[in-house]
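Notes to accompany the following structure.
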Amino acid sequence: MPITEFIEKYRNLSIGEHLESTEISLAENRASSSKLLFYDLYGDGMKIQVMADAKGRAEKENFPKLFTVLAPCLHMLPRRKVVAGSDEAPLSKENEKEATDSVWTPGKSRNPETYSLRDQPVPPMNPEVQNIFKSRARIISYYRNFLDNLGFTEVETPTMNMIPGGAAARPFETHHNDLDRKMYLRASPELHLKKLIVGGLNRVYEIGKQFRNEGMDLTHIPEFTMCEFYMAYADYNDLMEVTEQLLSGMVKKLTGSLRIKYHANGLENEPIDIDFTPPFRRIDLISELEKMSNLSIPKDLTTEAANKYLLDACQRFDVKCPPPHTATRLLDKLVGHFLEETCIHPTFIINHPEVMSPLAKWHRSEPGLTERFELFVNKCELCNAYTELNDPEVQRRRFAEQMKDRQLGDDEAMVLDETFCTALEYGVPPTAGLGMGIDRLAMLLTDSQNVKEVLFPAMSPLEEIDVQGSDQLLKWK
């Protein structure tokens, strides 16, 4: 009998009441003292604790009737730390309601002191961590159902590509033995999905892993999950409305409210309140940057003079930008310093310059800008979207400008993908596309400060091993 079914069936038993004929399977056994024996049963995020007194132990031949070992167990999985009133300690009538009310649900702040988070071969599957994984699954399920209801078709595109592209990122390289050529793990499925738009699938999306061979920190990891969708006969204004509907509906569905609690300033401080009530705030990138920094951003950002101006601005405000000092990188660092720091509640930063957006369509009324937005929540980018560039000749020029940045040492700049440009020559309807990070969204809704808390990350071994056949056991950091 599942634990959840057992609890539901016998929840009305009074304290001290016995049903002698009832049989259950014991998941775990631990002795508490010379006079008490506890039996803990775990399943589906629930736990039953059975306590037998000395009399019960004396009659152990009648309780239990049978032990069956279903699998060898050499290590115990980590459990929550025992705190008063927690699900690891016996509950009194006084603290039973308090413990029930404190059960974590999405949108509430968490106390990581009650569980373990370490790199290890098996993630710590205590009930709270299980709920985080389940919440992540609910986020993906809601996302998928939302797009399905709008008439989108879910697709799968290649993970290995002959040309790295679709995102400004350093790719992972691998080797295809049969073709005897270098291949790249995708940094984004964007170019493939837009080819499907060319082929007549007017609304497509993909939820899957992306790979970017870059640094790691609390919000970045080389292997991550993203949803990208593309919508024909729409522009970035339409996508801002879709994004507001998607996120406000998801937060309301998962948490019961449009406001969540998040420990943005560290666990030692009070959590902040983040409001997902639409419409979200919108700020224009160039005009707001000029207003906050008292700068006058050059209109033409492709010149040496513009590059020097941006470099001087970074030095003046002590904004660190590792080389190469391209206009794209310098401007991005200034935006991070001045604008992103103001984006606590969901905020759209809109209308990026063309040098920052090689795949976005030019702005219909602002020369030099594009119809692009990035959504920031708690100072962190959550999604990137734009009206898609559908002119093959302009796309070739944008790729050529990116190649100049690569020659200056920017290995995150895009390369020319002639097959994609050729696909655009067949005609692309006006289209808008968006990519959103599932991991960061899960972090927000589960009050997780480390991206490794919401996924199953790759981990490094403590010592090198021979992967060609060594029998040595892998030890983990």
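Each chain in the structure tokens gets a letter, A, B, ..., in the order shown, and its residues are numbered from 1; ligands are numbered from 1 in order too.
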Surrounding residues of Met403 in chain A excluding itself and chain neighbours under 5 positions, 10 Å, only C-alpha atoms, as a list of chain:residue names: A:Arg397, A:Arg398, A:Leu408, A:Gly409, A:Asp410, A:Asp411, A:Ala413, A:Met414, A:Val415, A:Leu416
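Residues surrounding Tyr233 in chain A within 12 Å are Ile197, Leu201, Asn202, Arg203, Leu239, Thr387, Glu388, Asn390, Val428, Pro429, Pro430, Thr431, Ala432 and Gly433 of chain A [only C-alpha atoms; sequence separation below 6 positions excluded].
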Selected residues written out, N, CA, C and O atoms, as a PDB file, in the first residue's frame:
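The resulting file, selection-v9.pdb, is reproduced below:
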```pdb
ATOM      1  N   ILE A 197       9.832  27.437 -39.171  1.00  0.00           N
ATOM      2  CA  ILE A 197       8.899  28.504 -39.528  1.00  0.00           C
ATOM      3  C   ILE A 197       8.904  28.709 -41.039  1.00  0.00           C
ATOM      4  O   ILE A 197       7.848  28.850 -41.671  1.00  0.00           O
ATOM      5  N   LEU A 201       5.581  25.575 -40.379  1.00  0.00           N
ATOM      6  CA  LEU A 201       5.081  25.394 -39.018  1.00  0.00           C
ATOM      7  C   LEU A 201       5.085  26.762 -38.337  1.00  0.00           C
ATOM      8  O   LEU A 201       6.131  27.252 -37.908  1.00  0.00           O
ATOM      9  N   ASN A 202       3.929  27.389 -38.251  1.00  0.00           N
ATOM     10  CA  ASN A 202       3.867  28.792 -37.845  1.00  0.00           C
ATOM     11  C   ASN A 202       4.050  29.023 -36.348  1.00  0.00           C
ATOM     12  O   ASN A 202       4.329  30.151 -35.931  1.00  0.00           O
ATOM     13  N   ARG A 203       3.865  27.987 -35.533  1.00  0.00           N
ATOM     14  CA  ARG A 203       4.064  28.130 -34.091  1.00  0.00           C
ATOM     15  C   ARG A 203       4.759  26.873 -33.580  1.00  0.00           C
ATOM     16  O   ARG A 203       4.153  25.798 -33.550  1.00  0.00           O
ATOM     17  N   LEU A 239       4.900  39.332 -27.887  1.00  0.00           N
ATOM     18  CA  LEU A 239       5.571  38.396 -26.981  1.00  0.00           C
ATOM     19  C   LEU A 239       5.643  38.933 -25.560  1.00  0.00           C
ATOM     20  O   LEU A 239       5.642  38.155 -24.605  1.00  0.00           O
ATOM     21  N   THR A 387      11.618  40.493 -32.260  1.00  0.00           N
ATOM     22  CA  THR A 387      11.074  40.324 -33.596  1.00  0.00           C
ATOM     23  C   THR A 387      12.211  39.802 -34.460  1.00  0.00           C
ATOM     24  O   THR A 387      13.303  40.385 -34.486  1.00  0.00           O
ATOM     25  N   GLU A 388      11.969  38.701 -35.169  1.00  0.00           N
ATOM     26  CA  GLU A 388      13.058  38.024 -35.873  1.00  0.00           C
ATOM     27  C   GLU A 388      13.453  38.750 -37.155  1.00  0.00           C
ATOM     28  O   GLU A 388      12.605  39.216 -37.918  1.00  0.00           O
ATOM     29  N   ASN A 390      14.262  38.817 -40.785  1.00  0.00           N
ATOM     30  CA  ASN A 390      13.884  37.900 -41.869  1.00  0.00           C
ATOM     31  C   ASN A 390      14.378  38.363 -43.235  1.00  0.00           C
ATOM     32  O   ASN A 390      13.857  37.933 -44.272  1.00  0.00           O
ATOM     33  N   VAL A 428      10.506  34.196 -44.945  1.00  0.00           N
ATOM     34  CA  VAL A 428      10.101  33.981 -43.558  1.00  0.00           C
ATOM     35  C   VAL A 428       8.988  34.968 -43.225  1.00  0.00           C
ATOM     36  O   VAL A 428       9.172  36.180 -43.385  1.00  0.00           O
ATOM     37  N   PRO A 429       7.838  34.502 -42.785  1.00  0.00           N
ATOM     38  CA  PRO A 429       6.790  35.452 -42.392  1.00  0.00           C
ATOM     39  C   PRO A 429       7.247  36.276 -41.197  1.00  0.00           C
ATOM     40  O   PRO A 429       8.174  35.874 -40.481  1.00  0.00           O
ATOM     41  N   PRO A 430       6.655  37.447 -40.967  1.00  0.00           N
ATOM     42  CA  PRO A 430       6.982  38.201 -39.754  1.00  0.00           C
ATOM     43  C   PRO A 430       6.843  37.296 -38.537  1.00  0.00           C
ATOM     44  O   PRO A 430       5.798  36.683 -38.321  1.00  0.00           O
ATOM     45  N   THR A 431       7.901  37.184 -37.760  1.00  0.00           N
ATOM     46  CA  THR A 431       7.961  36.195 -36.679  1.00  0.00           C
ATOM     47  C   THR A 431       8.602  36.811 -35.442  1.00  0.00           C
ATOM     48  O   THR A 431       9.490  37.656 -35.544  1.00  0.00           O
ATOM     49  N   ALA A 432       8.154  36.359 -34.289  1.00  0.00           N
ATOM     50  CA  ALA A 432       8.784  36.738 -33.021  1.00  0.00           C
ATOM     51  C   ALA A 432       9.162  35.468 -32.277  1.00  0.00           C
ATOM     52  O   ALA A 432       8.438  34.464 -32.325  1.00  0.00           O
ATOM     53  N   GLY A 433      10.301  35.502 -31.583  1.00  0.00           N
ATOM     54  CA  GLY A 433      10.761  34.322 -30.854  1.00  0.00           C
ATOM     55  C   GLY A 433      11.264  34.686 -29.475  1.00  0.00           C
ATOM     56  O   GLY A 433      11.714  35.812 -29.232  1.00  0.00           O
TER      57      GLY A 433
END
```
Test item: residues at most 12 Å from Arg329 in chain A, only C-alpha atoms, excluding those fewer than 5 positions along its chain, as a list in words: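 Here the qualifying residues turn out to be Ala168, Leu301, Asn307, Leu310, Leu311, Cys314, Val319, Lys320, Cys321, Pro322, Pro323, Pro324, Leu334, Val335, Gly336, Val355, Met356, Ser357, Asp405, Leu408, Gly409, Asp410, Asp411, Glu412 and Ala413 of chain A.
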Shell around Cys383 in chain A at 9 Å using only C-alpha atoms, local window under 4 positions removed, as a list in words: Phe373, Glu374, Leu375, Phe376, Leu434, Gly435, Met436 and Gly437 of chain A
Give me a file of those residues, with C-alpha atoms, as a short mmCIF file (atom, residue, chain, number, x, y, z; two decimals), in the first residue's frame.
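Produced file out_15.cif, reproduced below:
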```cif
data_model
loop_
_atom_site.label_atom_id
_atom_site.label_comp_id
_atom_site.auth_asym_id
_atom_site.auth_seq_id
_atom_site.Cartn_x
_atom_site.Cartn_y
_atom_site.Cartn_z
CA PHE A 373 13.60 42.73 -25.03
CA GLU A 374 15.13 40.93 -22.09
CA LEU A 375 13.07 40.14 -19.00
CA PHE A 376 14.84 40.57 -15.67
CA LEU A 434 11.59 33.91 -27.18
CA GLY A 435 13.95 31.82 -25.07
CA MET A 436 13.45 31.38 -21.32
CA GLY A 437 15.65 29.60 -18.79
#
```
Distance query Gly165 in chain A at most 12 Å, only C-alpha atoms, self and fewer than 4 positions along chain excluded, as number ranges by chain: A: 159-161, 169-172, 183-192, 210-212, 358-359, 399, 402, 411-420
Distance in Å - CA of Tyr143 in chain A versus CA of Glu241 in chain A: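 Atom-to-atom, CA of Tyr143 in chain A to CA of Glu241 in chain A, that is 15.1 Å.
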Polymer residues at most 10 Å from Leu295 in chain A, only C-alpha atoms, same-chain spacing of 4 or more positions, as a ChimeraX atom specification: /A:286-287,289-291,309-310,313
Could you save those same residues with N, CA and C atoms as a PDB file, in the first residue's frame?
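Saved the output as again17.pdb:
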```pdb
ATOM      1  N   ILE A 286      18.695  52.344 -24.146  1.00  0.00           N
ATOM      2  CA  ILE A 286      19.591  53.473 -24.365  1.00  0.00           C
ATOM      3  C   ILE A 286      19.156  54.702 -23.573  1.00  0.00           C
ATOM      4  N   SER A 287      17.891  55.072 -23.670  1.00  0.00           N
ATOM      5  CA  SER A 287      17.444  56.300 -23.005  1.00  0.00           C
ATOM      6  C   SER A 287      17.563  56.189 -21.487  1.00  0.00           C
ATOM      7  N   LEU A 289      19.654  54.170 -19.840  1.00  0.00           N
ATOM      8  CA  LEU A 289      21.078  54.134 -19.507  1.00  0.00           C
ATOM      9  C   LEU A 289      21.666  55.539 -19.512  1.00  0.00           C
ATOM     10  N   GLU A 290      21.311  56.337 -20.510  1.00  0.00           N
ATOM     11  CA  GLU A 290      21.802  57.717 -20.573  1.00  0.00           C
ATOM     12  C   GLU A 290      21.294  58.531 -19.387  1.00  0.00           C
ATOM     13  N   LYS A 291      20.054  58.295 -19.007  1.00  0.00           N
ATOM     14  CA  LYS A 291      19.460  59.030 -17.892  1.00  0.00           C
ATOM     15  C   LYS A 291      20.153  58.700 -16.570  1.00  0.00           C
ATOM     16  N   TYR A 309      34.666  55.643 -26.508  1.00  0.00           N
ATOM     17  CA  TYR A 309      33.754  56.332 -25.589  1.00  0.00           C
ATOM     18  C   TYR A 309      33.212  55.350 -24.548  1.00  0.00           C
ATOM     19  N   LEU A 310      32.806  54.163 -24.990  1.00  0.00           N
ATOM     20  CA  LEU A 310      32.252  53.170 -24.073  1.00  0.00           C
ATOM     21  C   LEU A 310      33.324  52.640 -23.124  1.00  0.00           C
ATOM     22  N   ALA A 313      33.877  55.179 -20.497  1.00  0.00           N
ATOM     23  CA  ALA A 313      32.747  55.191 -19.566  1.00  0.00           C
ATOM     24  C   ALA A 313      32.881  54.055 -18.548  1.00  0.00           C
TER      25      ALA A 313
END
```
Selection: 10 Å around Ser257 in chain A, only C-alpha atoms, excl. self and same-chain fewer than 3 positions, as a compact mmCIF listing (two decimals) with all heavy atoms, in the first residue's frame:
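Result file is result28.txt:
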```txt
# COMPACT_ATOMS: atom_id res chain seq x y z
N GLY A 107 6.76 29.20 -3.99
CA GLY A 107 6.48 30.60 -3.73
C GLY A 107 6.80 31.03 -2.32
O GLY A 107 6.97 32.22 -2.05
N SER A 248 2.51 35.24 -15.02
CA SER A 248 1.52 35.55 -13.99
C SER A 248 0.60 34.38 -13.76
O SER A 248 0.27 34.04 -12.61
CB SER A 248 0.72 36.80 -14.37
OG SER A 248 -0.01 36.61 -15.57
N GLY A 249 0.19 33.70 -14.84
CA GLY A 249 -0.65 32.52 -14.68
C GLY A 249 0.06 31.38 -14.00
O GLY A 249 -0.52 30.68 -13.16
N MET A 250 1.33 31.17 -14.34
CA MET A 250 2.11 30.09 -13.72
C MET A 250 2.31 30.33 -12.24
O MET A 250 2.11 29.42 -11.42
CB MET A 250 3.47 29.97 -14.42
CG MET A 250 4.37 28.90 -13.85
SD MET A 250 6.03 28.92 -14.58
CE MET A 250 5.66 28.52 -16.29
N VAL A 251 2.70 31.56 -11.87
CA VAL A 251 2.94 31.87 -10.46
C VAL A 251 1.65 31.72 -9.66
O VAL A 251 1.64 31.17 -8.56
CB VAL A 251 3.51 33.29 -10.32
CG1 VAL A 251 3.56 33.71 -8.86
CG2 VAL A 251 4.90 33.37 -10.94
N LYS A 252 0.54 32.18 -10.23
CA LYS A 252 -0.74 32.06 -9.54
C LYS A 252 -1.14 30.60 -9.37
O LYS A 252 -1.62 30.18 -8.31
CB LYS A 252 -1.82 32.80 -10.35
CG LYS A 252 -3.21 32.76 -9.75
CD LYS A 252 -3.32 33.58 -8.49
CE LYS A 252 -4.74 33.66 -8.01
NZ LYS A 252 -4.87 34.46 -6.75
N LYS A 253 -0.92 29.79 -10.40
CA LYS A 253 -1.28 28.38 -10.36
C LYS A 253 -0.45 27.61 -9.34
O LYS A 253 -0.97 26.79 -8.59
CB LYS A 253 -1.09 27.76 -11.75
CG LYS A 253 -1.37 26.27 -11.85
CD LYS A 253 -2.84 25.95 -11.71
CE LYS A 253 -3.10 24.47 -11.97
NZ LYS A 253 -4.54 24.13 -11.85
N LEU A 254 0.85 27.87 -9.30
CA LEU A 254 1.74 27.10 -8.44
C LEU A 254 1.74 27.56 -7.00
O LEU A 254 1.94 26.76 -6.09
CB LEU A 254 3.17 27.14 -8.98
CG LEU A 254 3.57 26.00 -9.93
CD1 LEU A 254 2.74 26.01 -11.20
CD2 LEU A 254 5.06 26.07 -10.26
N ILE A 260 5.61 36.37 -4.56
CA ILE A 260 6.40 35.30 -3.98
C ILE A 260 7.44 35.90 -3.03
O ILE A 260 7.76 37.09 -3.10
CB ILE A 260 7.11 34.44 -5.05
CG1 ILE A 260 8.15 35.28 -5.81
CG2 ILE A 260 6.11 33.81 -6.00
CD1 ILE A 260 9.05 34.47 -6.72
N ASP A 275 6.61 40.76 -7.14
CA ASP A 275 5.23 40.86 -7.61
C ASP A 275 5.17 40.57 -9.12
O ASP A 275 5.76 41.29 -9.93
CB ASP A 275 4.69 42.26 -7.32
CG ASP A 275 3.20 42.38 -7.60
OD1 ASP A 275 2.59 41.37 -8.03
OD2 ASP A 275 2.64 43.47 -7.39
N PHE A 276 4.43 39.52 -9.50
CA PHE A 276 4.28 39.14 -10.89
C PHE A 276 2.95 39.65 -11.48
O PHE A 276 2.50 39.13 -12.50
CB PHE A 276 4.35 37.62 -11.04
CG PHE A 276 5.75 37.07 -10.99
CD1 PHE A 276 6.35 36.77 -9.78
CD2 PHE A 276 6.47 36.86 -12.16
CE1 PHE A 276 7.64 36.27 -9.72
CE2 PHE A 276 7.75 36.36 -12.12
CZ PHE A 276 8.35 36.06 -10.89
N THR A 277 2.37 40.64 -10.87
CA THR A 277 1.12 41.19 -11.38
C THR A 277 1.39 41.94 -12.69
O THR A 277 2.22 42.87 -12.71
CB THR A 277 0.48 42.15 -10.37
OG1 THR A 277 0.24 41.45 -9.14
CG2 THR A 277 -0.84 42.69 -10.91
```
Range 357-425 of chain A: residues DSSP assigns to alpha helix (DSSP H), reported as an MDAnalysis selection string: chainID A and resid 392:407 418:424
Strand (DSSP E) call set, DSSP backbone run, range 177-218 of chain A, as a PyMOL selection string: chain A and resi 181-185+203-211
For the residues selected in the previous step, produce a file with N, CA, C and O atoms as an mmCIF file, in the first residue's frame.
```cif
data_model
loop_
_atom_site.group_PDB
_atom_site.id
_atom_site.type_symbol
_atom_site.label_atom_id
_atom_site.label_comp_id
_atom_site.auth_asym_id
_atom_site.auth_seq_id
_atom_site.Cartn_x
_atom_site.Cartn_y
_atom_site.Cartn_z
ATOM 1 N N ARG A 181 34.612 14.452 -38.326
ATOM 2 C CA ARG A 181 34.652 15.908 -38.322
ATOM 3 C C ARG A 181 34.253 16.445 -36.957
ATOM 4 O O ARG A 181 33.583 15.764 -36.169
ATOM 5 N N LYS A 182 34.688 17.672 -36.707
ATOM 6 C CA LYS A 182 34.349 18.335 -35.456
ATOM 7 C C LYS A 182 32.864 18.710 -35.460
ATOM 8 O O LYS A 182 32.313 19.147 -36.469
ATOM 9 N N MET A 183 32.214 18.518 -34.299
ATOM 10 C CA MET A 183 30.822 18.912 -34.120
ATOM 11 C C MET A 183 30.724 19.782 -32.872
ATOM 12 O O MET A 183 31.624 19.793 -32.029
ATOM 13 N N TYR A 184 29.608 20.507 -32.761
ATOM 14 C CA TYR A 184 29.393 21.412 -31.639
ATOM 15 C C TYR A 184 28.058 21.093 -30.975
ATOM 16 O O TYR A 184 27.042 20.889 -31.665
ATOM 17 N N LEU A 185 28.076 21.025 -29.636
ATOM 18 C CA LEU A 185 26.820 20.914 -28.908
ATOM 19 C C LEU A 185 26.099 22.254 -28.987
ATOM 20 O O LEU A 185 26.725 23.310 -28.871
ATOM 21 N N ARG A 203 3.865 27.987 -35.533
ATOM 22 C CA ARG A 203 4.064 28.130 -34.091
ATOM 23 C C ARG A 203 4.759 26.873 -33.580
ATOM 24 O O ARG A 203 4.153 25.798 -33.550
ATOM 25 N N VAL A 204 6.025 27.013 -33.195
ATOM 26 C CA VAL A 204 6.804 25.855 -32.749
ATOM 27 C C VAL A 204 7.517 26.186 -31.441
ATOM 28 O O VAL A 204 7.794 27.352 -31.144
ATOM 29 N N TYR A 205 7.801 25.149 -30.664
ATOM 30 C CA TYR A 205 8.595 25.340 -29.453
ATOM 31 C C TYR A 205 9.371 24.075 -29.143
ATOM 32 O O TYR A 205 9.037 22.983 -29.614
ATOM 33 N N GLU A 206 10.421 24.254 -28.344
ATOM 34 C CA GLU A 206 11.222 23.123 -27.898
ATOM 35 C C GLU A 206 11.684 23.376 -26.470
ATOM 36 O O GLU A 206 12.125 24.478 -26.130
ATOM 37 N N ILE A 207 11.562 22.364 -25.631
ATOM 38 C CA ILE A 207 12.083 22.398 -24.271
ATOM 39 C C ILE A 207 13.215 21.382 -24.203
ATOM 40 O O ILE A 207 12.990 20.190 -24.424
ATOM 41 N N GLY A 208 14.418 21.843 -23.925
ATOM 42 C CA GLY A 208 15.521 20.901 -23.938
ATOM 43 C C GLY A 208 16.798 21.495 -23.375
ATOM 44 O O GLY A 208 16.864 22.657 -22.975
ATOM 45 N N LYS A 209 17.832 20.654 -23.349
ATOM 46 C CA LYS A 209 19.130 21.037 -22.809
ATOM 47 C C LYS A 209 19.915 21.878 -23.818
ATOM 48 O O LYS A 209 19.911 21.598 -25.021
ATOM 49 N N GLN A 210 20.614 22.893 -23.292
ATOM 50 C CA GLN A 210 21.545 23.684 -24.073
ATOM 51 C C GLN A 210 22.907 23.599 -23.382
ATOM 52 O O GLN A 210 22.990 23.321 -22.178
ATOM 53 N N PHE A 211 23.967 23.862 -24.146
ATOM 54 C CA PHE A 211 25.316 23.677 -23.624
ATOM 55 C C PHE A 211 26.175 24.887 -23.994
ATOM 56 O O PHE A 211 26.336 25.190 -25.178
#
```
